[in-house]
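For reference, the structure is listed below as structure tokens.
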Amino acid sequence: MEEKIIIKNLNKEFYDPQRGTVKAVDNLSFTAYKGEIFGLLGPNGAGKTTTLRMMATLMKPNSGTIEIAGFDIENNSQDVRRSIGYMSSNTALYPRLSPREIITYFAELNDYSKENLTMRVEQIIKYFNIGDYADTYSEKLSTGMKQITSIARTIVHNPPVLILDEPSAGLDVIVAQKIHSYILDLKNEGKTIIFSSHNMGEVEKICDRIGIINNGKLLTVGTIDELRDISGKYYMEEIFVYFVKEFEKES
Ligand SMILES: Nc1ncnc2c1ncn2[C@@H]1O[C@H](COP(=O)(O)OP(=O)(O)O)[C@@H](O)[C@H]1O
Ligand SMILES: [Mg+2]
């Protein structure tokens, strides 16, 4: 199996005037492979966004290493950026741009070859079924349409690794399911996808492997079946609670 994401002993601290030093990410390590959907599951404040932002080279770790598609975030950040599509959890779209313009803009931003640009944008619009609203100002779109557009622009340059921060948070089931099926399709195309979630059900449904994160620490990593075996629990919610308690016992 080809390693696409290698994270070793990652640490990130913040200083917060009220809480003092916050260990947002605490000695976190894991590996994700080509063609895998890796879910980072944890409650609010667990450290998911901070981890994904460091992977996307938007924030530097205090210590530890991240390698993506063979490139190191510190020494080859440019190559890392070219190799990823990153969708943040608060993807604001430019209100006065249409999906077609936004997707085109991101393709240009990522140096997509000018020659094939129009064709690629059309392909993406078709793939994501955006046609009906491709030329509408994004400020007029529904939350679901905006989210689909955000995913579309994240993959327009065809990166091998996708980093999606809570891609289905706040969406109704229909749109959430659409997004799940796109994520599964992209995996079948050989992409490596890491996404964060606090939704136990979705992680159980679409992830090949799940990393459970709480208070900045990765408590366990495994397939859903492995996590079920270890915990003796069936439902993700119970599995989650099991690992949180086990971790508290150990420390
Ligand atoms: N810029 C910041 N300054 C201070 N604390 C921060 C900052 N960003 C995140 N944190 C803290 O780091 C922890 C992890 O946050 P985050 O990575 O956003 O978690 P999640 O995405 O899992 O909800 C939280 O305690 C959060 O309050
Ligand atoms: Mg977050």
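Residues in the structure tokens are named by chain (A, B, ... in the order shown) and by number from 1 within that chain; ligands are numbered from 1 in the order shown.
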
All helix (DSSP H, G or I) residues (DSSP, backbone) inside segment 138-236 of chain A, as an MDAnalysis selection string: chainID A and resid 138:140 143:155 173:188 200:206 224:231 236

Kindly export the residues of the current selection with C-alpha atoms, as a CSV table (one decimal), in the first residue's frame.
chain,number,residue,atom,x,y,z
A,138,SER,CA,-23.1,32.1,-5.4
A,139,GLU,CA,-24.8,34.4,-2.9
A,140,LYS,CA,-28.1,33.2,-4.3
A,143,THR,CA,-26.2,25.9,1.5
A,144,GLY,CA,-26.1,22.5,-0.3
A,145,MET,CA,-25.3,24.0,-3.7
A,146,LYS,CA,-22.6,26.1,-2.1
A,147,GLN,CA,-21.0,23.1,-0.4
A,148,ILE,CA,-21.1,21.1,-3.6
A,149,THR,CA,-19.4,24.0,-5.4
A,150,SER,CA,-16.8,24.2,-2.7
A,151,ILE,CA,-16.0,20.5,-3.1
A,152,ALA,CA,-15.9,21.0,-6.9
A,153,ARG,CA,-13.4,23.8,-6.7
A,154,THR,CA,-11.3,21.7,-4.2
A,155,ILE,CA,-10.7,19.0,-6.8
A,173,VAL,CA,-29.4,14.2,4.5
A,174,ILE,CA,-30.0,14.4,0.7
A,175,VAL,CA,-27.0,16.7,0.2
A,176,ALA,CA,-25.0,14.9,2.8
A,177,GLN,CA,-25.6,11.6,0.9
A,178,LYS,CA,-24.6,13.3,-2.4
A,179,ILE,CA,-21.4,14.4,-0.8
A,180,HIS,CA,-20.7,10.9,0.6
A,181,SER,CA,-21.2,9.4,-2.9
A,182,TYR,CA,-18.8,11.9,-4.4
A,183,ILE,CA,-16.2,11.1,-1.7
A,184,LEU,CA,-16.6,7.4,-2.5
A,185,ASP,CA,-16.3,8.0,-6.2
A,186,LEU,CA,-13.1,10.0,-5.7
A,187,LYS,CA,-11.7,7.2,-3.6
A,188,ASN,CA,-12.5,4.7,-6.4
A,200,MET,CA,-20.5,9.1,14.1
A,201,GLY,CA,-22.9,7.6,11.5
A,202,GLU,CA,-21.2,9.1,8.4
A,203,VAL,CA,-17.8,8.0,9.5
A,204,GLU,CA,-19.0,4.5,10.1
A,205,LYS,CA,-20.6,4.5,6.7
A,206,ILE,CA,-17.9,5.7,4.3
A,224,ILE,CA,-14.7,0.0,11.9
A,225,ASP,CA,-14.5,-3.8,12.4
A,226,GLU,CA,-11.1,-3.4,14.2
A,227,LEU,CA,-12.6,-0.8,16.5
A,228,ARG,CA,-15.6,-3.0,17.1
A,229,ASP,CA,-13.4,-5.9,18.0
A,230,ILE,CA,-11.2,-4.0,20.3
A,231,SER,CA,-14.0,-2.2,22.1
A,236,MET,CA,-19.8,4.2,16.7

Expected answer as a PyMOL selection string: strand (DSSP E or B) residues in segment 170-215 of chain A: chain A and resi 192-197+209-214

Near-ligand residues for ligand 1, threshold 8 Å, only C-alpha atoms and all ligand atoms, as number ranges by chain: A: 13-16, 22-25, 42-51, 165, 196, 213-216

Counting only C-alpha atoms, the option among A:Phe128, A:Glu108, A:Ala134, A:Thr192 closest to Ile5 of chain A: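 Among the listed residues, A:Thr192 lies closest to Ile5 of chain A.
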
Nearest residue to ligand 2 from the set A:Ala169, A:Met1, A:Leu109, A:Leu58 (distances using only C-alpha atoms and all ligand atoms):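 Closest residue, counting only C-alpha atoms and all ligand atoms: A:Ala169.
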